[in-house]
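Contents: one structure, followed by commentary.
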Amino acid sequence: MANPSEKAGFLNRDILLRTLIPIGVVACLILAWQLIILAYEIPQYILPGPVAVANSLYKDWGTLAPALWVTTQITMQALALALIGGVGIAVFLVQSKWIEIAFYPITVILQVTPIVAIAPLILIYAPTTQVALLICAFLVAFFPILSNMVQGLKSVDHNLLNLFDLYGASRWQTLIFLKLPASLPYFLTGLRIGGGLALIAAVVAEFAAGSAGAGSGLAFRLLEAQYRLNIPRLFAALVLLSLLGVVIFAITSFISWFFLHRWHESSLRREN
Amino acid sequence: MTPTQAPTTPTSVDTRKRALVTMRGVSKQFSSGTLALSDMSLTVEGGEFVSLLGPSGCGKSTALRIIAGLGDVTSGTIDWPSSRINSKGLPEGDISFVFQEPTLMPWQTVFGNVHLPLKLRGISKSAARADIMAALETVGLKDFAEAYPRELSGGMKMRVSIARALVTKPKLLLMDEPFAALDEITRQKLNDDVLRLWQETGITVIFVTHSVFESAYLSNRIVVMKARPGRVHADFPLVTSLERDAHYRTSEDYRQACEKVSTMLIEAMGGEEH
């Protein structure tokens with residue numbers, strides 16, 4: 001039988017392996033990339049090696065850092081607005097069957113219309129490019145949060161609803177103490193999807209805005225580097241974008257774990 | 001020929017003999033058209049332990065929900081003569097319900113779950129602490145206040161559900177096949193707990209079950225129901241001079257009670273296509 005300290009030791013080793021193995025794999029891939037570049041003497045303007053990319057990241061940091069900050073801001077603001085809007089509208093939609101019948105199709109139309117197609121329009125109507133980017137990213141991130149939240153609010157255990165009725169709970173109490181906590185797992189799924197989509201939408205919108213001649217986010221720097229055939233910088237911008245994506249994923253996953261780990265099945269280790 | 005007898009209350013304490021709930025000619029039709037209850041009349045007095053027994057589809061759960069004030073009646077009246085009635089025309093605070101499933105909020109601890117009925121009345125955690133701990137002590141879960149429902153066994157979850165029902169100190173406890181999903185050993189243990197609770201607190205219990213043996217063990221009055229449409233087939237007291245415990249389970253009184261209940265149930269199911 002394992003005693004507690006042995007079990008803790010096992011868990012630590014488990015965590016260590018879980019961290020080291022993926023890092024090792026990525027390191028090997030980067031090494032292989034550099035070796036291939038060296039072995040086949042591939043020129044930088046076709047495929048730069050990781051060293052050249054790292055070099056560009058360091059050298060162009062003055063250009064790339066502000067761009068990274070702009071993209072981060074737009075993504076985070078869009079996500080925050082999408083959270084408020086998604087949850088708010090979901091709560092509104094489930095208030096009555098008729099409200100849902102009347103308004104849900106509009107949200108679906110907003111979702112299924114490709115964002116690149118409305119980006120030029122938004123660029124015309126929005127007061128500044130920043131606002132336009134924000135609107136685009138918001139529209140994309142908002143829907144998964146809304147649809148998950150609607151699903152969650154409608155999936156509340158009927159017996160618990162009966163129980164709340166029995167104890168004479170008001171609509172407000174039922175929402176705060178039952179419906180919102182019960183839909184938390186759905187909300188957090190929406191958040192994880194929405195977080196990733198917000199970044200994608202920010203990049204797509206920047207591409208659209210960049211081609212209209214304005215913008216200073218990472219996606220614009222990426223396009224600019226391509227026009228100038230500065231491929232190492234293009235890769236550097238790409239690396240920063242993926243890092244940003246990873247950070248958003250890590251943060252949303254952590255938030256999800258934080259709220260669910262004590263009670264929800266999805267966060268529990270299965271022991272057989 | 002109906003074997004219905006006038007309901008009598010075997011408890012000798014006269015002060016308890018006040019009608020808690022009265023159904024008069026209640027019918028309930030669902031929106032699907034199913035007639036779940038037809039012309040059901042029932043009066044339950046203080047201190048009774050009534051079992052509603054019958055085949056599935058006889059409307060016993062529907063009757064219980066109506067007694068709880070959940071859902072409207074299609075015709076007839078339901079009245080709670082000794083309860084305060086709120087603005088919605090429903091009894092306030094005197095009735096608790098235990099569902100077939102524990103129906104706990106998984107995101108709340110045991111303490112939080114038992115706190116719920118009081119929280120909905122605006123009583124804070126600290127003000128409710130003594131009542132919550134007392135209710136948990138009654139069901140033997142005082143040490144599990146900070147546990148989450150997922151950490152408990154099926155029987156323990158059911159106890160939490162009972163503690164939650166008791167925390168408001170109700171006059172009437174409604175139980176809808178509460179132990180049907182539990183194993184036989186846990187079930188007997190919980191049956192004994194409910195009996196002890198009934199004897200110690202004088203609470204009135206209406207217990208829905210499809211088990212002849214459970215109803216014969218627990219109740220001092222049995223209402224046998226008939227299906228399609230749901231209605232009362234027989235209503236009779238079960239009197240015994242014996243203490244209801246492990247000995248009672250092997251006694252002649254219990255055997256006779258089971259036989260009587262069983263006969264009534266078979267009668268109620270007679271003429272029904274299987």
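The chains in the structure tokens are called A, B, ... from first to last as shown; in each chain the residues are counted from 1, and the ligands are counted from 1 in the order shown.
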
Cut-off 8 Å: closest chain A/chain B atom pairs per residue, using only C-alpha atoms, as JSON lines:
```
{"residue": "A:Asp157", "atom": "CA", "partner": "B:Thr103", "partner_atom": "CA", "distance": 7.9}
{"residue": "A:Asn159", "atom": "CA", "partner": "B:Thr103", "partner_atom": "CA", "distance": 6.4}
{"residue": "A:Leu160", "atom": "CA", "partner": "B:Thr103", "partner_atom": "CA", "distance": 6.0}
{"residue": "A:Asn162", "atom": "CA", "partner": "B:Leu70", "partner_atom": "CA", "distance": 7.1}
{"residue": "A:Leu163", "atom": "CA", "partner": "B:Phe97", "partner_atom": "CA", "distance": 7.5}
{"residue": "A:Asp165", "atom": "CA", "partner": "B:Leu70", "partner_atom": "CA", "distance": 7.5}
{"residue": "A:Leu166", "atom": "CA", "partner": "B:Leu70", "partner_atom": "CA", "distance": 6.8}
{"residue": "A:Tyr167", "atom": "CA", "partner": "B:Pro117", "partner_atom": "CA", "distance": 6.2}
{"residue": "A:Gly168", "atom": "CA", "partner": "B:Glu92", "partner_atom": "CA", "distance": 7.5}
{"residue": "A:Ala169", "atom": "CA", "partner": "B:Leu120", "partner_atom": "CA", "distance": 5.9}
{"residue": "A:Gln173", "atom": "CA", "partner": "B:Leu120", "partner_atom": "CA", "distance": 7.1}
{"residue": "A:Pro181", "atom": "CA", "partner": "B:Trp107", "partner_atom": "CA", "distance": 7.2}
{"residue": "A:Ala182", "atom": "CA", "partner": "B:Trp107", "partner_atom": "CA", "distance": 7.8}
{"residue": "A:Arg262", "atom": "CA", "partner": "B:Tyr148", "partner_atom": "CA", "distance": 7.6}
{"residue": "A:Trp263", "atom": "CA", "partner": "B:Trp107", "partner_atom": "CA", "distance": 5.6}
{"residue": "A:His264", "atom": "CA", "partner": "B:Pro106", "partner_atom": "CA", "distance": 7.4}
```

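Proximity to Met158 of chain B at 8 Å, evaluated using only C-alpha atoms and with sequence-adjacent residues fewer than 2 positions away removed, yields B:Glu101, B:Pro102, B:Gly154, B:Gly155, B:Met156, B:Val160, B:Ser161, B:Ile162, B:Pro178, B:Phe179.
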
>> Rounded to one decimal, what separation in Å do you get between atom CA of Ala63 of chain B and atom CA of Ala36 of chain B?
In response: 8.7 Å

> Could you pull the residues within 9 Å of Val212 of chain B, counting only C-alpha atoms, minus those fewer than 5 positions along the same chain, as a ChimeraX atom specification?
Replying inline: /B:53-54,217,258-259,261-262,265

> Quick one: distance from atom CA of Leu199 of chain A to atom CA of Cys28 of chain A in Å, one decimal?
Replying inline: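 That distance, rounded to one decimal, is 27.8 Å.
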
> Could you name the residues that touch Val140 of chain A at 7 Å or less, counting only C-alpha atoms, but leaving out those on the same chain fewer than 2 positions away, as an MDAnalysis selection string?
Replying inline: chainID A and resid 111 136:138 142:143 197:198 201

> Nearest to Leu31 of chain A among A:Ile89, A:Leu17, A:Val51, A:Leu178, with distances taken over only C-alpha atoms: which residue is it?
Replying inline: A:Val51

> Nearest to Thr201 of chain B among B:Leu173, B:Leu218, B:Leu37, B:Leu242, with distances taken over only C-alpha atoms: which residue is it?
Replying inline: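 Among the listed residues, B:Leu173 lies closest to Thr201 of chain B.
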
>> Please compute the atom CA of Leu52 of chain B-atom CA of Gly230 of chain B distance, one decimal, in Å.
In response: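 Computing it gives 11.6 Å between the two atoms.
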
Per residue of segment 151-232 of chain A within 10 Å of segment 94-110 of chain A, note the shortest atom pair and the distance in Å to one decimal, counting only C-alpha atoms, and order the rows by chain and increasing residue number, as a tab-separated table.
```
residue	atom	partner	partner_atom	distance
A:Gln151	CA	A:Val94	CA	9.4
A:Leu153	CA	A:Val94	CA	7.2
A:Lys154	CA	A:Val94	CA	7.3
A:Arg171	CA	A:Gln95	CA	9.6
```

C-alpha atoms of the current selection, written as a short mmCIF file (atom, residue, chain, number, x, y, z; two decimals), in the first residue's frame:
```cif
data_model
loop_
_atom_site.label_atom_id
_atom_site.label_comp_id
_atom_site.auth_asym_id
_atom_site.auth_seq_id
_atom_site.Cartn_x
_atom_site.Cartn_y
_atom_site.Cartn_z
CA GLN A 151 -27.69 25.72 -23.24
CA LEU A 153 -29.31 28.00 -18.40
CA LYS A 154 -31.80 25.59 -19.96
CA ARG A 171 -36.91 34.82 -10.17
#
```
